[in-house]
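Heads up, data.cif below (mmCIF, C-alpha atoms):
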```cif
data_my_file
#
loop_
_atom_site.label_atom_id
_atom_site.label_comp_id
_atom_site.auth_asym_id
_atom_site.auth_seq_id
_atom_site.Cartn_x
_atom_site.Cartn_y
_atom_site.Cartn_z
CA MET A 1 -48.35 -0.50 -41.40
CA ARG A 2 -46.74 1.45 -44.23
CA CYS A 3 -46.66 0.65 -47.95
CA ARG A 4 -43.11 -0.67 -47.46
CA GLU A 5 -44.19 -3.31 -44.91
CA LEU A 6 -47.26 -4.17 -46.93
CA ALA A 7 -45.06 -4.94 -49.94
CA GLU A 8 -42.94 -7.25 -47.76
CA PHE A 9 -45.98 -9.18 -46.55
CA LEU A 10 -47.59 -9.41 -49.98
CA MET A 11 -46.51 -12.92 -50.85
CA ASP A 12 -47.61 -14.41 -47.53
CA TYR A 13 -50.90 -12.55 -47.81
CA VAL A 14 -51.57 -13.85 -51.31
CA SER A 15 -50.77 -17.43 -50.29
CA GLY A 16 -52.88 -17.17 -47.14
CA GLU A 17 -49.86 -17.58 -44.86
CA LEU A 18 -49.90 -14.18 -43.21
CA PRO A 19 -50.57 -14.52 -39.45
CA ALA A 20 -53.95 -13.14 -38.38
CA GLU A 21 -52.58 -10.15 -36.56
CA ASN A 22 -50.50 -8.97 -39.50
CA ARG A 23 -53.37 -9.69 -41.83
CA GLU A 24 -55.59 -7.30 -39.92
CA HIS A 25 -53.07 -4.48 -40.25
CA PHE A 26 -52.47 -5.41 -43.86
CA GLU A 27 -56.16 -5.24 -44.74
CA LEU A 28 -56.68 -2.04 -42.80
CA HIS A 29 -53.89 -0.42 -44.79
CA LEU A 30 -55.45 -1.70 -48.02
CA THR A 31 -58.80 -0.09 -47.23
CA ARG A 32 -57.01 3.27 -46.92
CA CYS A 33 -54.38 3.06 -49.64
CA ARG A 34 -55.49 2.90 -53.22
CA ASN A 35 -51.92 2.61 -54.47
CA CYS A 36 -51.30 -0.56 -52.45
CA ARG A 37 -54.62 -2.02 -53.62
CA GLU A 38 -53.45 -1.49 -57.17
CA TYR A 39 -50.06 -3.00 -56.38
CA LEU A 40 -51.73 -6.09 -54.92
CA VAL A 41 -53.92 -6.52 -58.02
CA GLN A 42 -50.89 -6.28 -60.29
CA TYR A 43 -48.77 -8.60 -58.14
CA GLU A 44 -51.46 -11.27 -58.29
CA GLY A 45 -51.94 -10.52 -61.97
CA CYS A 46 -48.28 -11.30 -62.64
CA VAL A 47 -48.52 -14.69 -60.96
CA LYS A 48 -51.53 -15.52 -63.11
CA ALA A 49 -49.99 -14.07 -66.25
CA GLY A 50 -46.84 -16.16 -65.87
CA ARG A 51 -48.85 -19.32 -65.51
CA MET A 52 -51.12 -18.52 -68.44
CA ALA A 53 -48.28 -17.44 -70.73
CA CYS A 54 -46.34 -20.65 -70.23
CA ASP A 55 -49.25 -23.07 -70.33
CA GLU A 56 -47.94 -26.19 -72.01
CA GLN A 57 -51.21 -26.65 -73.82
CA SER A 58 -51.33 -23.15 -75.27
CA ASP A 59 -51.17 -23.27 -79.02
CA GLU A 60 -48.32 -20.88 -79.68
CA LEU A 61 -45.61 -22.75 -77.80
CA PRO A 62 -43.45 -24.57 -80.28
CA VAL A 63 -44.43 -28.19 -80.63
CA ASP A 64 -42.16 -28.54 -83.62
CA VAL A 65 -38.66 -29.62 -82.90
CA PRO A 66 -35.67 -28.48 -84.97
CA GLU A 67 -34.68 -31.21 -87.40
CA ASP A 68 -31.02 -31.05 -86.44
CA LEU A 69 -31.94 -31.67 -82.81
CA VAL A 70 -33.94 -34.78 -83.78
CA LYS A 71 -30.96 -36.08 -85.73
CA ALA A 72 -28.55 -35.27 -82.90
CA VAL A 73 -30.66 -37.09 -80.30
CA LEU A 74 -31.10 -40.19 -82.47
CA ALA A 75 -27.40 -40.29 -83.35
CA ALA A 76 -26.39 -39.88 -79.70
CA ARG A 77 -28.76 -42.66 -78.69
CA LYS A 78 -27.13 -45.08 -81.12
CA LEU A 79 -23.76 -44.28 -79.60
CA ASP A 80 -25.03 -44.55 -76.04
CA PRO A 81 -23.85 -47.92 -74.71
CA SER A 82 -26.36 -47.99 -71.87
CA SER A 83 -29.53 -47.43 -73.85
CA MET B 1 -38.79 -28.58 -88.42
CA GLY B 2 -40.41 -31.91 -87.59
CA THR B 3 -44.11 -32.20 -87.16
CA ALA B 4 -45.57 -33.27 -83.87
CA THR B 5 -48.42 -35.72 -83.98
CA PRO B 6 -50.55 -36.62 -81.00
CA VAL B 7 -49.90 -40.00 -79.47
CA ASP B 8 -53.14 -41.94 -79.04
CA ASP B 9 -51.59 -45.15 -77.87
CA GLU B 10 -48.91 -44.42 -75.29
CA THR B 11 -48.86 -48.00 -74.06
CA GLY B 12 -48.04 -49.26 -77.53
CA LEU B 13 -45.35 -46.63 -77.98
CA ILE B 14 -43.73 -47.47 -74.64
CA ALA B 15 -43.72 -51.16 -75.50
CA GLN B 16 -41.97 -50.29 -78.76
CA LEU B 17 -39.39 -48.20 -76.88
CA ARG B 18 -38.70 -51.06 -74.51
CA ALA B 19 -38.23 -53.33 -77.47
CA GLY B 20 -35.66 -50.89 -78.89
CA ASP B 21 -37.75 -49.99 -81.92
CA GLU B 22 -35.86 -47.30 -83.82
CA SER B 23 -38.99 -45.65 -85.21
CA ALA B 24 -40.44 -45.33 -81.70
CA TYR B 25 -37.42 -43.30 -80.51
CA GLU B 26 -37.88 -40.98 -83.45
CA GLN B 27 -41.60 -40.63 -82.84
CA VAL B 28 -40.99 -39.69 -79.20
CA VAL B 29 -38.38 -37.09 -80.09
CA ARG B 30 -40.57 -35.54 -82.78
CA THR B 31 -43.68 -35.55 -80.61
CA TYR B 32 -42.25 -34.19 -77.37
CA GLY B 33 -38.98 -32.51 -78.39
CA GLY B 34 -40.46 -29.10 -79.14
CA ARG B 35 -42.28 -28.83 -75.84
CA LEU B 36 -39.25 -30.00 -73.89
CA LEU B 37 -37.14 -27.41 -75.67
CA ALA B 38 -39.63 -24.72 -74.64
CA VAL B 39 -39.28 -25.86 -71.02
CA THR B 40 -35.48 -25.94 -71.00
CA ARG B 41 -35.26 -22.57 -72.78
CA ARG B 42 -37.35 -21.09 -69.98
CA ILE B 43 -34.85 -22.24 -67.35
CA LEU B 44 -31.62 -21.71 -69.30
CA ASP B 45 -30.94 -18.57 -71.26
CA SER B 46 -28.57 -20.25 -73.68
CA GLU B 47 -30.07 -21.93 -76.74
CA GLU B 48 -27.10 -24.27 -76.95
CA ASP B 49 -27.52 -25.35 -73.32
CA ALA B 50 -31.27 -25.76 -73.78
CA ARG B 51 -30.72 -28.11 -76.73
CA ASP B 52 -27.98 -30.08 -74.95
CA VAL B 53 -30.30 -30.57 -72.03
CA VAL B 54 -33.15 -31.82 -74.23
CA GLN B 55 -30.74 -34.32 -75.73
CA ASP B 56 -29.54 -35.46 -72.30
CA ALA B 57 -33.13 -35.74 -71.12
CA PHE B 58 -34.14 -38.00 -74.03
CA LEU B 59 -31.08 -40.22 -73.59
CA ASN B 60 -31.81 -40.48 -69.88
CA ALA B 61 -35.44 -41.34 -70.59
CA PHE B 62 -34.55 -43.97 -73.19
CA ARG B 63 -32.08 -45.60 -70.78
CA ASN B 64 -34.69 -45.71 -68.06
CA VAL B 65 -37.82 -46.48 -70.00
CA ASP B 66 -38.13 -49.75 -68.07
CA ARG B 67 -38.60 -47.69 -64.94
CA PHE B 68 -41.46 -45.70 -66.40
CA GLU B 69 -44.39 -47.07 -64.49
CA GLY B 70 -47.25 -45.60 -66.43
CA ASN B 71 -48.75 -43.85 -63.39
CA SER B 72 -48.20 -40.55 -65.15
CA LYS B 73 -48.38 -39.66 -68.79
CA LEU B 74 -45.26 -40.10 -70.87
CA SER B 75 -45.26 -36.33 -71.53
CA THR B 76 -45.33 -35.57 -67.78
CA TRP B 77 -42.50 -38.01 -67.11
CA LEU B 78 -40.36 -36.54 -69.90
CA HIS B 79 -41.16 -33.03 -68.72
CA ARG B 80 -39.91 -33.77 -65.22
CA ILE B 81 -36.72 -35.39 -66.56
CA ALA B 82 -36.08 -32.30 -68.70
CA VAL B 83 -36.63 -29.89 -65.79
CA ASN B 84 -34.22 -31.89 -63.64
CA ALA B 85 -31.65 -31.98 -66.43
CA ALA B 86 -31.95 -28.22 -66.93
CA LEU B 87 -31.42 -27.57 -63.22
CA MET B 88 -28.44 -29.90 -63.21
CA LYS B 89 -26.99 -27.87 -66.08
CA LEU B 90 -27.57 -24.65 -64.17
CA ARG B 91 -25.71 -25.99 -61.17
CA THR B 92 -22.72 -27.29 -63.08
CA ARG B 93 -22.09 -24.60 -65.65
CA LYS B 94 -19.91 -21.64 -65.04
CA ARG B 95 -21.88 -18.92 -63.34
CA LYS B 96 -22.38 -15.78 -65.29
CA PRO B 97 -22.17 -12.54 -63.36
CA GLU B 98 -25.69 -11.93 -62.14
CA GLN B 99 -27.47 -8.71 -63.04
CA SER B 100 -28.93 -6.89 -60.09
CA ILE B 101 -32.65 -7.05 -59.50
CA GLU B 102 -32.71 -3.96 -57.27
CA THR B 103 -33.73 -1.56 -60.01
CA LEU B 104 -36.80 -3.69 -60.73
CA LEU B 105 -38.05 -3.68 -57.14
CA PRO B 106 -40.45 -1.05 -55.79
CA PHE B 107 -38.82 2.06 -54.41
CA PHE B 108 -40.02 3.65 -51.19
CA LEU B 109 -39.86 7.20 -49.90
CA ASP B 110 -38.42 7.95 -46.47
CA ASP B 111 -41.92 7.95 -45.00
CA GLY B 112 -42.49 4.39 -46.20
CA HIS B 113 -44.80 5.22 -49.12
CA HIS B 114 -44.29 3.87 -52.60
CA GLU B 115 -42.46 6.36 -54.74
CA GLU B 116 -44.45 5.31 -57.77
CA ARG B 117 -48.12 5.95 -58.32
CA PHE B 118 -49.30 2.70 -59.92
CA ARG B 119 -51.45 3.12 -62.97
CA SER B 120 -54.26 0.59 -63.27
CA TRP B 121 -53.92 -1.96 -66.01
CA GLU B 122 -56.10 -1.38 -68.99
CA GLU B 123 -58.02 -4.63 -68.59
CA PRO B 124 -58.18 -7.61 -66.23
CA VAL B 125 -55.24 -9.96 -66.67
CA ASP B 126 -57.50 -12.85 -67.76
CA ILE B 127 -58.72 -10.79 -70.69
CA ALA B 128 -55.29 -9.45 -71.63
CA MET B 129 -53.88 -12.98 -71.59
CA GLU B 130 -56.38 -14.14 -74.16
CA ARG B 131 -54.21 -12.45 -76.77
CA ALA B 132 -51.23 -14.38 -78.11
CA GLU B 133 -49.14 -11.19 -78.26
CA THR B 134 -49.64 -10.56 -74.54
CA ARG B 135 -48.68 -14.13 -73.71
CA GLN B 136 -45.59 -13.68 -75.85
CA LEU B 137 -44.78 -10.43 -74.06
CA VAL B 138 -45.05 -12.11 -70.65
CA ARG B 139 -42.74 -14.94 -71.72
CA ALA B 140 -40.23 -12.42 -73.03
CA LYS B 141 -40.30 -10.47 -69.75
CA ILE B 142 -39.84 -13.65 -67.70
CA ASP B 143 -36.75 -14.32 -69.82
CA GLU B 144 -35.41 -10.88 -68.89
CA LEU B 145 -35.36 -11.66 -65.17
CA PRO B 146 -31.92 -12.33 -63.67
CA GLU B 147 -31.26 -16.06 -63.72
CA SER B 148 -31.40 -16.89 -60.01
CA TYR B 149 -34.78 -15.16 -59.77
CA ARG B 150 -36.15 -16.47 -63.05
CA THR B 151 -35.49 -20.10 -62.12
CA VAL B 152 -37.35 -19.75 -58.81
CA LEU B 153 -40.31 -18.08 -60.52
CA VAL B 154 -40.40 -20.77 -63.21
CA LEU B 155 -40.30 -23.62 -60.71
CA ARG B 156 -42.86 -22.11 -58.33
CA ASP B 157 -45.34 -20.21 -60.46
CA ILE B 158 -45.08 -22.12 -63.74
CA GLU B 159 -43.95 -25.64 -62.91
CA GLY B 160 -46.08 -25.54 -59.76
CA LEU B 161 -43.50 -26.90 -57.31
CA ASP B 162 -43.86 -25.91 -53.67
CA THR B 163 -41.30 -23.89 -51.72
CA GLU B 164 -39.58 -26.91 -50.20
CA GLU B 165 -39.19 -28.72 -53.53
CA THR B 166 -37.94 -25.60 -55.25
CA ALA B 167 -35.44 -24.87 -52.50
CA LYS B 168 -34.15 -28.44 -52.63
CA MET B 169 -33.74 -28.44 -56.41
CA LEU B 170 -31.82 -25.18 -56.34
CA GLY B 171 -29.79 -25.87 -53.21
CA LEU B 172 -31.35 -22.95 -51.32
CA THR B 173 -32.94 -22.61 -47.93
CA ALA B 174 -36.73 -22.40 -48.03
CA ASN B 175 -36.54 -18.84 -46.82
CA ALA B 176 -34.12 -17.82 -49.57
CA ALA B 177 -36.41 -19.43 -52.15
CA LYS B 178 -39.37 -17.44 -50.79
CA ILE B 179 -37.48 -14.16 -50.88
CA ARG B 180 -36.33 -14.77 -54.44
CA LEU B 181 -39.82 -15.67 -55.59
CA HIS B 182 -41.25 -12.51 -54.07
CA ARG B 183 -38.57 -10.36 -55.72
CA ALA B 184 -38.99 -12.15 -59.04
CA ARG B 185 -42.73 -11.48 -59.03
CA GLN B 186 -42.19 -7.84 -58.13
CA ALA B 187 -39.59 -7.48 -60.86
CA LEU B 188 -41.90 -9.11 -63.40
CA ARG B 189 -44.61 -6.64 -62.40
CA THR B 190 -42.22 -3.75 -63.00
CA LEU B 191 -41.33 -5.11 -66.43
CA LEU B 192 -44.93 -5.77 -67.46
CA ALA B 193 -46.64 -2.70 -66.04
CA PRO B 194 -45.63 -0.19 -68.74
CA HIS B 195 -47.10 -2.53 -71.35
CA LEU B 196 -50.34 -3.32 -69.54
CA ALA B 197 -51.16 0.04 -67.96
CA GLY B 198 -54.06 2.11 -69.17
CA PRO B 199 -53.78 5.73 -70.30
CA ALA B 200 -51.83 7.93 -67.86
CA SER B 201 -54.52 10.59 -67.87
CA ALA B 202 -57.08 8.29 -66.25
CA LYS B 203 -55.62 8.81 -62.78
CA ALA B 204 -54.24 12.29 -63.19
CA GLY B 205 -54.30 14.61 -60.22
CA GLU B 206 -53.82 12.01 -57.47
CA THR B 207 -50.99 12.17 -55.03
CA PRO B 208 -48.40 9.39 -55.19
CA GLY B 209 -48.57 7.00 -52.27
CA GLY B 210 -51.93 8.16 -50.97
CA LYS B 211 -52.32 10.35 -47.91
CA LEU B 212 -54.47 8.23 -45.68
CA SER B 213 -52.29 5.23 -44.93
#
```
Could you show the structure in this file as structure tokens?
Amino acid sequence: MRCRELAEFLMDYVSGELPAENREHFELHLTRCRNCREYLVQYEGCVKAGRMACDEQSDELPVDVPEDLVKAVLAARKLDPSS
Amino acid sequence: MGTATPVDDETGLIAQLRAGDESAYEQVVRTYGGRLLAVTRRILDSEEDARDVVQDAFLNAFRNVDRFEGNSKLSTWLHRIAVNAALMKLRTRKRKPEQSIETLLPFFLDDGHHEERFRSWEEPVDIAMERAETRQLVRAKIDELPESYRTVLVLRDIEGLDTEETAKMLGLTANAAKIRLHRARQALRTLLAPHLAGPASAKAGETPGGKLS
């Protein structure tokens, strides 16, 4: 297996869906290729980073809502015949 | 800007909504509007569209409040309505020409090795993500992804939907959704790496691609 194939199989490997035979080749390549080990770490890091950056509970996401949007929603609701 | 206050008594608030209490509508919009806007902005790259969708989502929720069964939290229910509304908007609006993602994918030499020698990140991602500025950077880089890739990444890695659900919501085959997710993650890595990598000198002298593989 070359770096190119390893990159293709990365997602299945990370999610545990890579068939056993491919996984063996994948892991053998990893033991020999420092660059692909680094790529794997960073690929997994990005998945984690995305999740952590957009955590609904994290304090820096805006919980305040623009005043004009509040007014627009409430005005639209009054005009909405089915609500 | 309105101020969000935590809702201690959801049951009471929902009863007020069902009764058509004007102040309850306002409380819901002020409490959850900001978070819903953050969610719709993540899926849509137009501020105007993101706001329209939040409005549609609230109206939809108010119309259907009788159907809210209380099995989930009100915030979770509203969140799901907003995500659906944002995806609906994506499907119906005029498609913008899509930027290519190719330049953000890894490049390989003829012998199958990576062209790039990846520099280790300066610190583990858990540590880096403890800083608000890094979290902000990651959100900004997600926003830079081409739309059809960004939406898959948001639904899978952030909203936590599985491949089948994501594919269904976007009108893709499961395989297409998988390919897009993989490319989106690789592109995000390319965008983040220059900001998270340690000093270049740390790995100086090594051959790109490695010789042993």
Give one line per residue of chain A that approaches chain B to at most 7 Å, naming the two atoms of the closest pair and their distance in Å to one decimal, counting all atoms listed in the file; sort by chain then ascending residue number and deliver it as CSV.
```
residue,atom,partner,partner_atom,distance
A:Arg2,CA,B:Gly112,CA,5.5
A:Cys3,CA,B:His113,CA,5.1
A:Arg4,CA,B:Gly112,CA,5.3
A:Met11,CA,B:His182,CA,6.2
A:His29,CA,B:Ser213,CA,5.9
A:Arg32,CA,B:Ser213,CA,5.5
A:Cys33,CA,B:Ser213,CA,5.6
A:Arg34,CA,B:Gly210,CA,6.7
A:Asn35,CA,B:Gly209,CA,5.9
A:Glu38,CA,B:Ser120,CA,6.5
A:Tyr39,CA,B:Phe118,CA,6.8
A:Gln42,CA,B:Arg189,CA,6.6
A:Tyr43,CA,B:Arg189,CA,6.3
A:Gly45,CA,B:Val125,CA,5.8
A:Cys46,CA,B:Arg189,CA,5.9
A:Val47,CA,B:Asp157,CA,6.4
A:Ala49,CA,B:Val125,CA,6.7
A:Gly50,CA,B:Val138,CA,6.5
A:Arg51,CA,B:Ile158,CA,5.0
A:Met52,CA,B:Met129,CA,6.9
A:Ala53,CA,B:Arg135,CA,4.5
A:Cys54,CA,B:Ile158,CA,6.8
A:Pro62,CA,B:Gly34,CA,5.5
A:Val63,CA,B:Gly34,CA,4.3
A:Asp64,CA,B:Gly34,CA,4.8
A:Val65,CA,B:Gly34,CA,4.2
A:Pro66,CA,B:Met1,CA,4.7
A:Glu67,CA,B:Met1,CA,5.0
A:Val70,CA,B:Val29,CA,6.2
A:Val73,CA,B:Gln55,CA,5.3
A:Leu74,CA,B:Glu26,CA,6.9
A:Arg77,CA,B:Leu59,CA,6.1
A:Ser82,CA,B:Arg63,CA,6.3
A:Ser83,CA,B:Arg63,CA,4.4
```
- line: Atom pair CA of Asp162 (chain B) + CA of Leu90 (chain B), distance 19.4 Å
field: Residue nearest Glu147 (chain B) - candidates B:Leu74, B:Val53, B:Ile101, B:Ile81, atoms counted: all atoms listed in the file
entry: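 Checking each candidate against Glu147 (chain B), we get B:Ile101 as the closest.
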field: Point-to-point distance in Å for CA of Arg180 (chain B) and CA of Glu21 (chain A)
entry: 24.6 Å
task: Please indicate the distance in Å from CA of Gly16 (chain A) to CA of Asn175 (chain B), rounded to one decimal place.
output: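 A separation of 16.4 Å between them.
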Which residues, written as a PDB file with C-alpha atoms, in the coordinates of the input, have at least one atom at most 10 Å from Tyr13 (chain A), with only C-alpha atoms counted and residues fewer than 3 positions away on the same chain left out?
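Saved the output as out.pdb:
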```pdb
ATOM      1  CA  LEU A   6     -47.260  -4.170 -46.930  1.00  0.00           C
ATOM      2  CA  ALA A   7     -45.060  -4.940 -49.940  1.00  0.00           C
ATOM      3  CA  GLU A   8     -42.940  -7.250 -47.760  1.00  0.00           C
ATOM      4  CA  PHE A   9     -45.980  -9.180 -46.550  1.00  0.00           C
ATOM      5  CA  LEU A  10     -47.590  -9.410 -49.980  1.00  0.00           C
ATOM      6  CA  GLY A  16     -52.880 -17.170 -47.140  1.00  0.00           C
ATOM      7  CA  GLU A  17     -49.860 -17.580 -44.860  1.00  0.00           C
ATOM      8  CA  LEU A  18     -49.900 -14.180 -43.210  1.00  0.00           C
ATOM      9  CA  PRO A  19     -50.570 -14.520 -39.450  1.00  0.00           C
ATOM     10  CA  ALA A  20     -53.950 -13.140 -38.380  1.00  0.00           C
ATOM     11  CA  ASN A  22     -50.500  -8.970 -39.500  1.00  0.00           C
ATOM     12  CA  ARG A  23     -53.370  -9.690 -41.830  1.00  0.00           C
ATOM     13  CA  PHE A  26     -52.470  -5.410 -43.860  1.00  0.00           C
ATOM     14  CA  GLU A  27     -56.160  -5.240 -44.740  1.00  0.00           C
ATOM     15  CA  LEU A  40     -51.730  -6.090 -54.920  1.00  0.00           C
TER      16      LEU A  40
END
```
Where is the centre and how long are the edges: axis-aligned box on region 16-21 of chain B, 4 Å on each side, Å to one decimal, as AutoDock Vina command-line options:
```
--center_x -38.8 --center_y -50.8 --center_z -78.2 --size_x 14.3 --size_y 13.1 --size_z 15.4
```
Could you complete region 45-54 of chain B so that it carries all heavy atoms, and give it back as a compact mmCIF listing (two decimals), keeping the file's coordinate frame?
```txt
# COMPACT_ATOMS: atom_id res chain seq x y z
N ASP B 45 -30.82 -19.62 -70.25
CA ASP B 45 -30.94 -18.57 -71.26
C ASP B 45 -30.01 -18.78 -72.44
O ASP B 45 -29.86 -17.92 -73.29
CB ASP B 45 -30.73 -17.19 -70.63
CG ASP B 45 -29.50 -17.14 -69.75
OD1 ASP B 45 -28.68 -18.07 -69.86
OD2 ASP B 45 -29.37 -16.20 -68.96
N SER B 46 -29.41 -19.96 -72.53
CA SER B 46 -28.57 -20.25 -73.68
C SER B 46 -29.25 -21.31 -74.54
O SER B 46 -29.61 -22.38 -74.07
CB SER B 46 -27.20 -20.75 -73.20
OG SER B 46 -26.67 -21.72 -74.07
N GLU B 47 -29.42 -20.99 -75.81
CA GLU B 47 -30.07 -21.93 -76.74
C GLU B 47 -29.27 -23.23 -76.83
O GLU B 47 -29.83 -24.32 -76.85
CB GLU B 47 -30.19 -21.26 -78.12
CG GLU B 47 -30.78 -22.14 -79.21
CD GLU B 47 -32.28 -22.42 -79.00
OE1 GLU B 47 -32.92 -21.73 -78.19
OE2 GLU B 47 -32.80 -23.35 -79.65
N GLU B 48 -27.96 -23.09 -76.84
CA GLU B 48 -27.10 -24.27 -76.95
C GLU B 48 -27.30 -25.18 -75.72
O GLU B 48 -27.46 -26.39 -75.86
CB GLU B 48 -25.65 -23.82 -77.06
CG GLU B 48 -24.71 -24.90 -77.51
CD GLU B 48 -23.25 -24.46 -77.43
OE1 GLU B 48 -23.00 -23.24 -77.31
OE2 GLU B 48 -22.38 -25.35 -77.45
N ASP B 49 -27.30 -24.58 -74.55
CA ASP B 49 -27.52 -25.35 -73.32
C ASP B 49 -28.90 -26.00 -73.33
O ASP B 49 -29.06 -27.15 -72.93
CB ASP B 49 -27.39 -24.45 -72.08
CG ASP B 49 -25.94 -24.10 -71.77
OD1 ASP B 49 -25.05 -24.70 -72.39
OD2 ASP B 49 -25.72 -23.24 -70.91
N ALA B 50 -29.90 -25.24 -73.77
CA ALA B 50 -31.27 -25.76 -73.78
C ALA B 50 -31.36 -27.00 -74.67
O ALA B 50 -32.00 -28.00 -74.33
CB ALA B 50 -32.24 -24.68 -74.25
N ARG B 51 -30.71 -26.95 -75.81
CA ARG B 51 -30.72 -28.11 -76.73
C ARG B 51 -29.94 -29.29 -76.15
O ARG B 51 -30.37 -30.43 -76.25
CB ARG B 51 -30.12 -27.71 -78.07
CG ARG B 51 -31.05 -26.86 -78.89
CD ARG B 51 -30.39 -26.55 -80.21
NE ARG B 51 -31.27 -25.72 -81.02
CZ ARG B 51 -31.48 -25.93 -82.32
NH1 ARG B 51 -30.87 -26.90 -82.96
NH2 ARG B 51 -32.29 -25.15 -82.98
N ASP B 52 -28.77 -29.00 -75.57
CA ASP B 52 -27.98 -30.08 -74.95
C ASP B 52 -28.79 -30.80 -73.89
O ASP B 52 -28.75 -32.02 -73.77
CB ASP B 52 -26.73 -29.49 -74.26
CG ASP B 52 -25.66 -29.10 -75.27
OD1 ASP B 52 -25.83 -29.44 -76.46
OD2 ASP B 52 -24.67 -28.46 -74.86
N VAL B 53 -29.53 -30.00 -73.13
CA VAL B 53 -30.30 -30.57 -72.03
C VAL B 53 -31.45 -31.44 -72.55
O VAL B 53 -31.73 -32.50 -72.00
CB VAL B 53 -30.81 -29.43 -71.11
CG1 VAL B 53 -31.94 -29.91 -70.22
CG2 VAL B 53 -29.66 -28.90 -70.26
N VAL B 54 -32.08 -31.00 -73.63
CA VAL B 54 -33.15 -31.82 -74.23
C VAL B 54 -32.55 -33.16 -74.68
O VAL B 54 -33.13 -34.22 -74.45
CB VAL B 54 -33.82 -31.09 -75.41
CG1 VAL B 54 -34.70 -32.04 -76.21
CG2 VAL B 54 -34.65 -29.92 -74.89
```
